[in-house]
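*Asks:* So here's final-v5.txt, just compact mmCIF, C-alpha atoms and all ligand atoms:
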# COMPACT_ATOMS: atom_id res chain seq x y z
CA MET A 1 1.75 -3.23 -14.40
CA LEU A 2 -1.63 -1.55 -14.78
CA ALA A 3 -2.93 -0.53 -18.18
CA ASP A 4 -5.16 2.50 -18.49
CA ALA A 5 -8.94 2.20 -18.51
CA GLY A 6 -9.11 2.53 -22.29
CA ILE A 7 -6.98 -0.57 -22.83
CA VAL A 8 -8.93 -2.63 -20.30
CA GLU A 9 -12.23 -1.50 -21.83
CA GLY A 10 -10.92 -2.36 -25.32
CA LEU A 11 -9.90 -5.84 -24.16
CA ARG A 12 -13.37 -6.39 -22.69
CA ARG A 13 -15.12 -5.14 -25.81
CA ALA A 14 -13.02 -7.51 -27.90
CA GLY A 15 -14.21 -10.36 -25.67
CA LEU A 16 -10.65 -11.18 -24.64
CA ILE A 17 -11.27 -10.67 -20.90
CA GLY A 18 -14.28 -10.59 -18.60
CA ALA A 19 -15.02 -8.27 -15.71
CA GLU A 20 -11.75 -9.13 -13.97
CA GLU A 21 -8.73 -6.81 -13.94
CA PRO A 22 -6.25 -8.15 -16.54
CA ARG A 23 -2.88 -9.37 -15.28
CA LEU A 24 -0.57 -7.70 -17.78
CA VAL A 25 2.99 -9.00 -17.59
CA PRO A 26 5.56 -6.68 -19.22
CA LEU A 27 7.56 -8.25 -22.06
CA ALA A 28 11.19 -7.28 -22.49
CA GLY A 29 10.89 -4.98 -25.42
CA GLY A 30 12.05 -1.83 -27.01
CA VAL A 31 11.95 1.80 -26.25
CA SER A 32 8.91 2.94 -28.17
CA CYS A 33 5.98 0.95 -26.76
CA ASP A 34 4.44 -0.70 -23.74
CA VAL A 35 4.28 -4.42 -24.52
CA TRP A 36 2.58 -6.94 -22.23
CA LYS A 37 1.69 -10.61 -22.24
CA LEU A 38 -1.81 -11.52 -21.09
CA GLU A 39 -3.58 -14.83 -20.58
CA THR A 40 -7.08 -14.69 -22.13
CA ALA A 41 -9.97 -16.93 -23.09
CA GLU A 42 -8.31 -17.11 -26.54
CA GLY A 43 -4.98 -18.23 -25.06
CA PRO A 44 -1.91 -16.05 -24.49
CA VAL A 45 -1.86 -12.72 -26.30
CA VAL A 46 0.43 -9.71 -26.61
CA VAL A 47 -0.98 -6.26 -25.84
CA LYS A 48 1.03 -3.44 -27.38
CA ARG A 49 0.57 0.29 -27.04
CA PRO A 50 2.81 2.92 -28.70
CA LEU A 51 4.34 5.65 -26.49
CA ALA A 52 4.33 9.30 -27.51
CA LYS A 53 7.88 9.76 -26.17
CA LEU A 54 10.46 7.06 -26.77
CA ARG A 55 12.51 5.71 -23.86
CA VAL A 56 15.91 6.83 -25.14
CA ALA A 57 18.41 9.31 -23.71
CA ALA A 58 17.73 11.90 -26.41
CA ASP A 59 14.31 13.58 -26.50
CA TRP A 60 12.64 11.67 -29.31
CA ARG A 61 8.91 11.87 -29.92
CA ALA A 62 6.78 10.10 -32.49
CA PRO A 63 3.05 10.12 -33.23
CA VAL A 64 1.15 7.18 -31.72
CA GLU A 65 -0.66 6.65 -35.06
CA ARG A 66 2.29 4.41 -35.91
CA GLY A 67 0.37 1.73 -33.98
CA ALA A 68 -2.20 1.78 -36.78
CA SER A 69 0.40 1.44 -39.53
CA GLU A 70 2.01 -1.45 -37.63
CA VAL A 71 -1.38 -3.22 -37.66
CA ARG A 72 -1.76 -2.54 -41.39
CA TRP A 73 1.71 -3.96 -42.06
CA LEU A 74 1.04 -7.10 -39.99
CA ARG A 75 -2.23 -7.75 -41.83
CA ARG A 76 -0.73 -7.10 -45.25
CA ALA A 77 2.26 -9.36 -44.52
CA ARG A 78 -0.10 -12.17 -43.46
CA GLU A 79 -1.97 -11.85 -46.75
CA VAL A 80 1.29 -12.52 -48.57
CA ASP A 81 2.41 -15.28 -46.19
CA PRO A 82 0.46 -16.00 -42.97
CA ARG A 83 3.58 -17.49 -41.41
CA MET A 84 5.51 -14.24 -41.50
CA ALA A 85 3.59 -12.19 -38.90
CA PRO A 86 1.43 -12.82 -35.81
CA GLU A 87 -2.34 -12.55 -36.13
CA VAL A 88 -3.91 -9.25 -35.05
CA LEU A 89 -6.77 -10.15 -32.69
CA ALA A 90 -8.07 -6.69 -31.81
CA GLU A 91 -7.35 -2.98 -32.03
CA LEU A 92 -7.57 -0.88 -28.85
CA PRO A 93 -8.12 2.80 -28.11
CA GLY A 94 -4.97 4.94 -28.42
CA HIS A 95 -3.67 2.89 -31.35
CA GLY A 96 -2.89 -0.10 -29.17
CA PHE A 97 -3.55 -3.61 -30.45
CA VAL A 98 -3.60 -7.28 -29.47
CA LEU A 99 -1.59 -10.03 -31.18
CA ARG A 100 -1.65 -13.77 -30.78
CA PHE A 101 1.36 -14.72 -28.61
CA LEU A 102 3.68 -17.22 -30.28
CA PRO A 103 5.10 -19.64 -27.71
CA ASP A 104 8.40 -21.46 -28.17
CA ALA A 105 9.70 -18.81 -30.55
CA PRO A 106 12.83 -17.10 -29.20
CA VAL A 107 13.92 -13.74 -30.48
CA TRP A 108 16.62 -14.14 -33.17
CA LYS A 109 18.94 -11.74 -31.32
CA ASP A 110 19.08 -14.13 -28.35
CA GLU A 111 19.99 -16.99 -30.68
CA LEU A 112 22.78 -14.93 -32.26
CA VAL A 113 24.11 -13.98 -28.82
CA ALA A 114 24.05 -17.67 -27.84
CA GLY A 115 26.38 -18.33 -30.77
CA HIS A 116 23.87 -19.72 -33.25
CA GLY A 117 24.82 -17.72 -36.33
CA ALA A 118 22.47 -19.89 -38.42
CA PRO A 119 22.99 -18.78 -42.04
CA GLY A 120 20.01 -20.95 -43.01
CA PHE A 121 17.67 -18.89 -40.85
CA ALA A 122 19.22 -15.65 -42.16
CA ALA A 123 18.49 -16.83 -45.70
CA ALA A 124 14.87 -17.50 -44.72
CA VAL A 125 14.65 -13.93 -43.37
CA GLY A 126 15.92 -12.61 -46.70
CA LEU A 127 13.45 -14.71 -48.67
CA ARG A 128 10.41 -13.65 -46.64
CA ILE A 129 11.23 -9.97 -46.67
CA ALA A 130 11.90 -10.11 -50.41
CA ALA A 131 8.63 -11.98 -50.99
CA LEU A 132 6.71 -9.16 -49.31
CA HIS A 133 8.63 -6.55 -51.29
CA SER A 134 7.89 -8.46 -54.48
CA ALA A 135 4.17 -8.80 -53.70
CA THR A 136 3.79 -5.08 -52.98
CA ALA A 137 6.16 -3.70 -55.64
CA PHE A 138 4.65 -0.74 -57.52
CA SER A 139 1.24 -1.40 -55.94
CA ASP A 140 -0.89 1.75 -55.89
CA ALA A 141 -3.11 0.24 -53.19
CA ASP A 142 -0.17 -0.43 -50.87
CA ARG A 143 1.26 2.97 -51.59
CA ALA A 144 -2.06 4.57 -50.64
CA ALA A 145 -2.39 2.42 -47.50
CA PHE A 146 0.96 3.59 -46.09
CA PRO A 147 1.09 7.38 -46.29
CA THR A 148 3.62 7.30 -43.47
CA ASP A 149 6.56 9.19 -44.97
CA GLU A 150 6.52 11.70 -42.13
CA MET A 151 6.77 8.91 -39.55
CA PHE A 152 9.58 7.22 -41.47
CA ARG A 153 11.42 10.52 -41.68
CA ALA A 154 11.03 11.12 -37.94
CA LEU A 155 11.97 7.58 -36.86
CA ARG A 156 14.50 6.55 -39.47
CA VAL A 157 15.84 9.13 -41.91
CA ASP A 158 16.35 11.94 -39.42
CA PRO A 159 17.76 10.11 -36.36
CA PHE A 160 19.83 7.59 -38.28
CA ILE A 161 21.15 9.50 -41.30
CA LEU A 162 20.64 13.25 -40.95
CA HIS A 163 21.66 13.33 -37.29
CA VAL A 164 25.12 12.06 -38.28
CA ALA A 165 25.25 14.46 -41.25
CA ARG A 166 24.67 17.42 -38.93
CA ALA A 167 27.79 16.57 -36.93
CA ASP A 168 30.06 15.58 -39.80
CA ALA A 169 30.79 18.24 -42.44
CA GLU A 170 32.94 15.91 -44.55
CA LEU A 171 30.35 13.17 -44.91
CA ALA A 172 27.27 15.43 -44.86
CA PRO A 173 26.93 15.68 -48.69
CA VAL A 174 27.02 11.91 -49.21
CA LEU A 175 24.65 11.30 -46.26
CA HIS A 176 22.22 13.91 -47.60
CA ALA A 177 22.32 12.25 -51.02
CA ILE A 178 21.52 8.87 -49.42
CA ALA A 179 18.67 10.39 -47.38
CA ASP A 180 17.22 12.19 -50.41
CA ASP A 181 17.26 9.06 -52.55
CA LEU A 182 15.73 6.98 -49.75
CA THR A 183 12.95 9.50 -49.23
CA ALA A 184 12.13 9.85 -52.92
CA ARG A 185 12.15 6.18 -53.90
CA LYS A 186 8.64 4.64 -53.84
CA VAL A 187 8.95 0.98 -54.76
CA ALA A 188 7.45 -1.42 -52.21
CA LEU A 189 6.13 -1.90 -48.69
CA VAL A 190 9.02 -1.53 -46.27
CA HIS A 191 8.91 -2.88 -42.69
CA GLY A 192 11.42 -0.35 -41.44
CA ASP A 193 12.78 -2.19 -38.37
CA VAL A 194 14.01 -5.59 -39.55
CA SER A 195 16.29 -6.19 -36.61
CA PRO A 196 17.11 -9.58 -35.00
CA LYS A 197 15.29 -8.43 -31.87
CA ASN A 198 12.11 -8.03 -33.92
CA ILE A 199 12.25 -11.47 -35.54
CA LEU A 200 11.01 -14.61 -33.79
CA VAL A 201 12.65 -17.94 -34.60
CA HIS A 202 9.57 -20.09 -35.17
CA ALA A 203 9.30 -23.68 -36.39
CA ASP A 204 7.53 -22.28 -39.49
CA GLY A 205 10.35 -19.83 -40.17
CA PRO A 206 10.97 -16.18 -39.33
CA VAL A 207 8.09 -14.15 -37.84
CA PHE A 208 8.40 -10.37 -38.09
CA LEU A 209 7.23 -8.04 -35.31
CA ASP A 210 7.33 -4.35 -34.61
CA ALA A 211 6.44 -2.69 -37.92
CA GLU A 212 5.95 0.78 -36.45
CA CYS A 213 8.14 2.37 -39.09
CA ALA A 214 6.35 0.76 -42.06
CA VAL A 215 6.31 2.91 -45.18
CA PHE A 216 5.90 2.55 -48.92
CA GLY A 217 9.49 3.21 -49.91
CA ASP A 218 12.78 1.64 -50.90
CA PRO A 219 12.98 -2.12 -50.22
CA ALA A 220 16.78 -1.76 -50.06
CA PHE A 221 16.21 -0.16 -46.65
CA ASP A 222 14.97 -3.38 -45.03
CA LEU A 223 17.86 -5.34 -46.45
CA ALA A 224 20.36 -2.68 -45.36
CA PHE A 225 18.83 -2.38 -41.88
CA CYS A 226 18.96 -6.10 -41.17
CA THR A 227 22.45 -6.48 -42.66
CA THR A 228 23.64 -3.59 -40.47
CA HIS A 229 22.46 -5.42 -37.36
CA LEU A 230 24.25 -8.60 -38.37
CA LEU A 231 27.50 -6.79 -39.20
CA LEU A 232 27.43 -4.96 -35.86
CA LYS A 233 26.93 -8.30 -34.14
CA HIS A 234 29.83 -9.71 -36.11
CA VAL A 235 32.06 -7.02 -34.57
CA TRP A 236 30.58 -7.62 -31.12
CA LEU A 237 30.43 -11.41 -31.07
CA GLY A 238 32.39 -12.69 -34.08
CA GLY A 239 31.12 -15.43 -36.36
CA VAL A 240 28.02 -13.62 -37.68
CA ARG A 241 29.30 -12.57 -41.14
CA PRO A 242 28.18 -15.85 -42.79
CA ALA A 243 24.63 -15.07 -41.68
CA ALA A 244 24.88 -11.62 -43.28
CA GLU A 245 26.19 -13.17 -46.50
CA ALA A 246 23.34 -15.69 -46.53
CA LEU A 247 20.76 -12.96 -45.91
CA VAL A 248 22.03 -10.83 -48.79
CA ALA A 249 22.41 -13.74 -51.23
CA ALA A 250 18.92 -15.13 -50.51
CA TYR A 251 17.32 -11.70 -50.75
CA ALA A 252 19.08 -10.85 -54.03
CA GLY A 253 18.03 -14.19 -55.48
CA ARG A 254 14.37 -13.37 -54.82
CA VAL A 255 14.36 -9.82 -56.26
CA ASP A 256 12.06 -9.81 -59.30
CA TRP A 257 10.74 -6.23 -59.41
CA GLU A 258 13.98 -4.61 -60.57
CA ALA A 259 17.56 -5.70 -61.29
CA PRO A 260 18.94 -7.35 -58.11
CA ASP A 261 22.23 -5.50 -58.61
CA ALA A 262 20.40 -2.18 -58.47
CA VAL A 263 19.01 -3.04 -55.03
CA LEU A 264 22.44 -4.17 -53.81
CA GLU A 265 24.03 -0.97 -55.12
CA ARG A 266 21.58 1.18 -53.15
CA ALA A 267 21.76 -1.05 -50.08
CA GLY A 268 25.58 -0.76 -49.84
CA PRO A 269 25.77 2.99 -49.08
CA LEU A 270 22.60 2.75 -46.99
CA THR A 271 24.22 0.06 -44.87
CA ALA A 272 27.37 2.14 -44.48
CA ALA A 273 25.25 5.10 -43.31
CA LEU A 274 23.29 2.92 -40.86
CA LEU A 275 26.48 1.35 -39.49
CA LEU A 276 27.89 4.79 -38.79
CA ALA A 277 24.58 5.86 -37.26
CA ARG A 278 24.74 3.01 -34.75
CA VAL A 279 28.04 4.38 -33.37
CA GLU A 280 27.46 8.11 -33.92
CA GLY A 281 23.70 8.60 -34.17
CA LYS A 282 20.79 9.23 -31.87
CA SER A 283 20.25 5.53 -31.21
CA PRO A 284 23.66 3.93 -30.60
CA ALA A 285 23.84 0.13 -30.49
CA PRO A 286 23.70 -0.54 -26.72
CA TYR A 287 26.09 -3.49 -26.87
CA LEU A 288 28.91 -1.64 -28.66
CA ILE A 289 30.49 -0.36 -25.46
CA ASP A 290 34.09 -1.41 -26.06
CA PRO A 291 35.87 1.53 -27.78
CA ALA A 292 37.74 -0.96 -30.00
CA HIS A 293 34.41 -2.26 -31.32
CA ARG A 294 33.15 1.25 -31.96
CA ASP A 295 36.37 2.24 -33.75
CA CYS A 296 36.19 -0.90 -35.88
CA VAL A 297 32.65 -0.03 -37.05
CA ARG A 298 33.34 3.69 -37.40
CA GLY A 299 36.50 3.25 -39.48
CA GLN A 300 34.97 0.79 -41.92
CA ALA A 301 31.69 2.71 -42.23
CA ARG A 302 33.43 6.01 -42.92
CA ALA A 303 35.67 4.41 -45.57
CA LEU A 304 32.59 2.85 -47.19
CA LEU A 305 30.81 6.20 -47.34
CA ARG A 306 33.83 7.71 -49.09
CA ARG A 307 34.15 4.77 -51.50
CA PRO A 308 30.71 3.14 -51.90
CA ALA A 309 30.48 -0.61 -52.46
CA SER A 310 27.62 -2.85 -53.48
CA LEU A 311 26.15 -4.66 -50.45
CA ASP A 312 27.47 -8.11 -51.38
CA ARG A 313 31.00 -6.69 -51.69
CA LEU A 314 30.61 -4.71 -48.46
CA VAL A 315 29.57 -7.81 -46.51
CA ALA A 316 32.34 -9.99 -48.00
CA ASP A 317 34.95 -7.41 -46.96
CA TRP A 318 33.49 -6.59 -43.51
CA LYS A 319 35.91 -7.22 -40.65
CA GLY A 320 35.40 -7.88 -37.00
CA LEU A 321 38.23 -7.85 -34.48
CA GLU A 322 39.36 -11.38 -35.33
N1 LIG B 1 3.25 -12.15 -30.97
C1 LIG B 1 4.30 -12.34 -30.16
N2 LIG B 1 4.62 -13.58 -29.73
C2 LIG B 1 5.67 -13.76 -28.90
N3 LIG B 1 6.45 -12.76 -28.43
C3 LIG B 1 6.17 -11.52 -28.81
C4 LIG B 1 5.09 -11.23 -29.71
N4 LIG B 1 5.05 -9.89 -29.90
C5 LIG B 1 6.06 -9.36 -29.19
N5 LIG B 1 6.74 -10.33 -28.52
C6 LIG B 1 7.90 -10.12 -27.63
O1 LIG B 1 7.85 -8.82 -27.11
C7 LIG B 1 9.03 -8.08 -27.51
C8 LIG B 1 8.65 -6.65 -27.82
O2 LIG B 1 7.73 -6.60 -28.91
P1 LIG B 1 7.92 -5.55 -30.08
O3 LIG B 1 6.74 -5.62 -30.96
O4 LIG B 1 9.25 -5.74 -30.71
O5 LIG B 1 7.84 -4.16 -29.29
P2 LIG B 1 8.87 -2.96 -29.07
O6 LIG B 1 8.41 -1.90 -30.00
O7 LIG B 1 8.72 -2.58 -27.66
O8 LIG B 1 10.25 -3.45 -29.40
C9 LIG B 1 9.57 -8.84 -28.69
O9 LIG B 1 10.96 -8.67 -28.82
C10 LIG B 1 9.21 -10.29 -28.35
O10 LIG B 1 10.15 -10.81 -27.43
MG MG B 2 10.96 -4.52 -30.92
Would you mind writing the file out in structure tokens?
*Replies:*
Amino acid sequence: MLADAGIVEGLRRAGLIGAEEPRLVPLAGGVSCDVWKLETAEGPVVVKRPLAKLRVAADWRAPVERGASEVRWLRRAREVDPRMAPEVLAELPGHGFVLRFLPDAPVWKDELVAGHGAPGFAAAVGLRIAALHSATAFSDADRAAFPTDEMFRALRVDPFILHVARADAELAPVLHAIADDLTARKVALVHGDVSPKNILVHADGPVFLDAECAVFGDPAFDLAFCTTHLLLKHVWLGGVRPAAEALVAAYAGRVDWEAPDAVLERAGPLTAALLLARVEGKSPAPYLIDPAHRDCVRGQARALLRRPASLDRLVADWKGLE
């Protein structure tokens, strides 16, 4: 695939390529960016450029400035723990950027699909995310560096929570209450897309990618988002609940900026809302095709929105089709 002239020029200016045309090899990725692998003088790198219009069925647009907040998140995470994010090698015109490519680090989703539930790795994910939340908790500098509420609203609160509320009169009040609390709560630096497809399984532990939705907000969101993915995969594949339990327990054990129970109590309803969003929302989980799987998620999520549970309780009670 050919990149535009701005990207090629940016790569040259950064000294990553010479006069030759770069051979950009597309990486299997998401819906919101162009992502390529490129061999350079510095070794293999990843070139990423945000798209103005996401590749999803619904018309869903988002400002490309999110590329800049992703870079800020990656750099800030590396200050806290250099093992938790890839190094940013250069920024490119159009809010694109270049990362060091990590070889021999499969995406966690592929490992889960291959049947490696790996509660130990899930616990490491919880610990690293909580360490970043702890390091940034109530930090005025971090709050000022991530004035991205509008982006978070457009990419997370609206499509995942309010979209469902618009179509469901019964649950709308509780979903609005969850959305309002999420929007108002300013506690720590949130990644915003802690999904197994955005986590590399590296020898040094979990590496987090794809921080386009980063915001200074409620840390319970990251925990809820990742737990949601694991619970959906439990319904799809079976055998993943122990990983979800390990994630939640490790995270809660590392919370030191507020009472751990308070985070779990917010994360429970948030998880229920996100679970429902992945069967009813604008961005349905692509692997939940079987109607029995969708009904299983929908029924439990709706019950949990009517009768909220703390996240540890929610995970312990979560059922697949077993
Ligand atoms: N630094 C990296 N090292 C190795 N693989 C990477 C790296 N960055 C991205 N990838 C691969 O590219 C995929 C897409 O990258 P990601 O940042 O998640 O973009 P998208 O927004 O398109 O999902 C990832 O799932 C991963 O497989
Ligand atoms: Mg991704």
*Asks:* Could you give me, as a PDB file with C-alpha atoms, in the frame of the given file, the residues within 7 Å of Ala85 in chain A, counting all atoms listed in the file and dropping anything in the same chain fewer than 2 positions from it?
*Replies:*
ATOM      1  CA  LEU A  74       1.040  -7.100 -39.990  1.00  0.00           C
ATOM      2  CA  ALA A  77       2.260  -9.360 -44.520  1.00  0.00           C
ATOM      3  CA  ARG A  78      -0.100 -12.170 -43.460  1.00  0.00           C
ATOM      4  CA  PRO A  82       0.460 -16.000 -42.970  1.00  0.00           C
ATOM      5  CA  ARG A  83       3.580 -17.490 -41.410  1.00  0.00           C
ATOM      6  CA  GLU A  87      -2.340 -12.550 -36.130  1.00  0.00           C
ATOM      7  CA  VAL A 207       8.090 -14.150 -37.840  1.00  0.00           C
ATOM      8  CA  PHE A 208       8.400 -10.370 -38.090  1.00  0.00           C
ATOM      9  CA  LEU A 209       7.230  -8.040 -35.310  1.00  0.00           C
TER      10      LEU A 209
END
*Asks:* Skipping near chain neighbours, those fewer than 3 positions away, what residues fall within 10 Å of Val215 in chain A using all atoms listed in the file, listed as a list in words?
*Replies:*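 These residues fall inside the cut-off: Ser69, Glu70, Trp73, Asp142, Arg143, Ala145, Phe146, Pro147, Thr148, Asp149, Glu150, Met151, Phe152, Arg153, Lys186, Ala188, Leu189, Val190, His191, Gly192, Ala211, Glu212, Asp218 and Pro219 of chain A.
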*Asks:* Rounded to one decimal place, report the CA of Asp193 in chain A-CA of Ala214 in chain A distance in Å.
*Replies:*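 Between CA of Asp193 in chain A and CA of Ala214 in chain A the gap works out to 8.0 Å.
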*Asks:* At a cut-off of 12 Å, can you tabulate as a Markdown table every residue of chain A near ligand MG 2 (chain B) together with its closest atom pair and the distance in Å to one decimal, using all atoms listed in the file and ordering rows by chain then number?
*Replies:*
| residue | atom | partner | partner_atom | distance |
| --- | --- | --- | --- | --- |
| A:Leu27 | CA | B:MG2 | MG | 10.2 |
| A:Ala28 | CA | B:MG2 | MG | 8.9 |
| A:Gly29 | CA | B:MG2 | MG | 5.5 |
| A:Gly30 | CA | B:MG2 | MG | 4.9 |
| A:Val31 | CA | B:MG2 | MG | 7.9 |
| A:Ser32 | CA | B:MG2 | MG | 8.2 |
| A:Cys33 | CA | B:MG2 | MG | 8.5 |
| A:Asp34 | CA | B:MG2 | MG | 10.4 |
| A:Val35 | CA | B:MG2 | MG | 9.3 |
| A:Lys48 | CA | B:MG2 | MG | 10.6 |
| A:Pro50 | CA | B:MG2 | MG | 11.3 |
| A:Glu70 | CA | B:MG2 | MG | 11.6 |
| A:Val107 | CA | B:MG2 | MG | 9.7 |
| A:Trp108 | CA | B:MG2 | MG | 11.4 |
| A:Lys109 | CA | B:MG2 | MG | 10.8 |
| A:Gly192 | CA | B:MG2 | MG | 11.3 |
| A:Asp193 | CA | B:MG2 | MG | 8.0 |
| A:Val194 | CA | B:MG2 | MG | 9.2 |
| A:Ser195 | CA | B:MG2 | MG | 8.0 |
| A:Pro196 | CA | B:MG2 | MG | 8.9 |
| A:Lys197 | CA | B:MG2 | MG | 5.9 |
| A:Asn198 | CA | B:MG2 | MG | 4.8 |
| A:Ile199 | CA | B:MG2 | MG | 8.4 |
| A:Leu200 | CA | B:MG2 | MG | 10.5 |
| A:Phe208 | CA | B:MG2 | MG | 9.6 |
| A:Leu209 | CA | B:MG2 | MG | 6.8 |
| A:Asp210 | CA | B:MG2 | MG | 5.2 |
| A:Ala211 | CA | B:MG2 | MG | 8.5 |
| A:Glu212 | CA | B:MG2 | MG | 9.2 |
| A:Cys213 | CA | B:MG2 | MG | 11.1 |
*Asks:* Out of A:Ala137, A:Leu99, A:Val315, A:Leu54, which residue has the shortest atom-to-atom distance to Glu42 in chain A when counting all atoms listed in the file?
*Replies:*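 Closest candidate: A:Leu99.
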*Asks:* Can you measure CA of Pro269 in chain A to CA of Arg307 in chain A for me? One decimal in Å is fine.
*Replies:*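 Rounded to one decimal, the two atoms are 8.9 Å apart.
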*Asks:* Using all atoms listed in the file for the distances, tell me which of A:Thr227, A:Ser134, A:Thr183, A:Thr271 is nearest to Pro308 in chain A.
*Replies:* A:Thr271
*Asks:* Pick from A:Arg298, A:Val201, A:Leu11, A:Asp261: nearest to Glu111 in chain A, with only C-alpha atoms counted?
*Replies:*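 Closest to Glu111 in chain A of all the choices is A:Val201.
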*Asks:* Which residue gives the smallest distance to Ala124 in chain A among A:Pro242, A:Met84, A:Gln300, A:Arg75, with all atoms listed in the file counted?
*Replies:* A:Met84
*Asks:* Which distance in Å separates CA of Ala277 in chain A and CA of Ala252 in chain A, to one decimal?
*Replies:*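 Taking CA of Ala277 in chain A and CA of Ala252 in chain A, their separation equals 24.3 Å.
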*Asks:* Show which residues sit within 7 Å of Gly268 in chain A, as a PyMOL selection string. Count only C-alpha atoms, and ignore same-chain residues fewer than 3 positions away.
*Replies:* chain A and resi 264-265+271-272+308-311+314
*Asks:* Ranking A:Ile17, A:Leu89, A:Ala244, A:Ala273 by minimum distance to ligand LIG 1 (chain B) and counting all atoms listed in the file, which one comes first?
*Replies:*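 Under the stated criterion, the closest residue is A:Leu89.
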*Asks:* In terms of the shortest atom-to-atom distance over only C-alpha atoms and all ligand atoms, which of A:Glu39, A:Asp180, A:Glu21, A:Asp104 is closest to ligand LIG 1 (chain B)?
*Replies:*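 For ligand LIG 1 (chain B), the nearest of the given residues is A:Asp104.
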*Asks:* Neighbouring residues of Pro103 in chain A were defined as those with any atom within 9 Å, considering all atoms listed in the file; residues of the same chain fewer than 2 positions away were excluded. Please report them as a list in words.
*Replies:*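 The neighbour list is Pro44, Phe101, Ala105, Pro106 and His202 of chain A.
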*Asks:* Box in all listed atoms of ligand LIG 1 (chain B), axis-aligned, with 8 Å more on each side; write out centre and edge lengths in Å to one decimal as AutoDock Vina command-line options.
*Replies:*
--center_x 7.1 --center_y -7.8 --center_z -29.0 --size_x 23.7 --size_y 27.9 --size_z 19.9
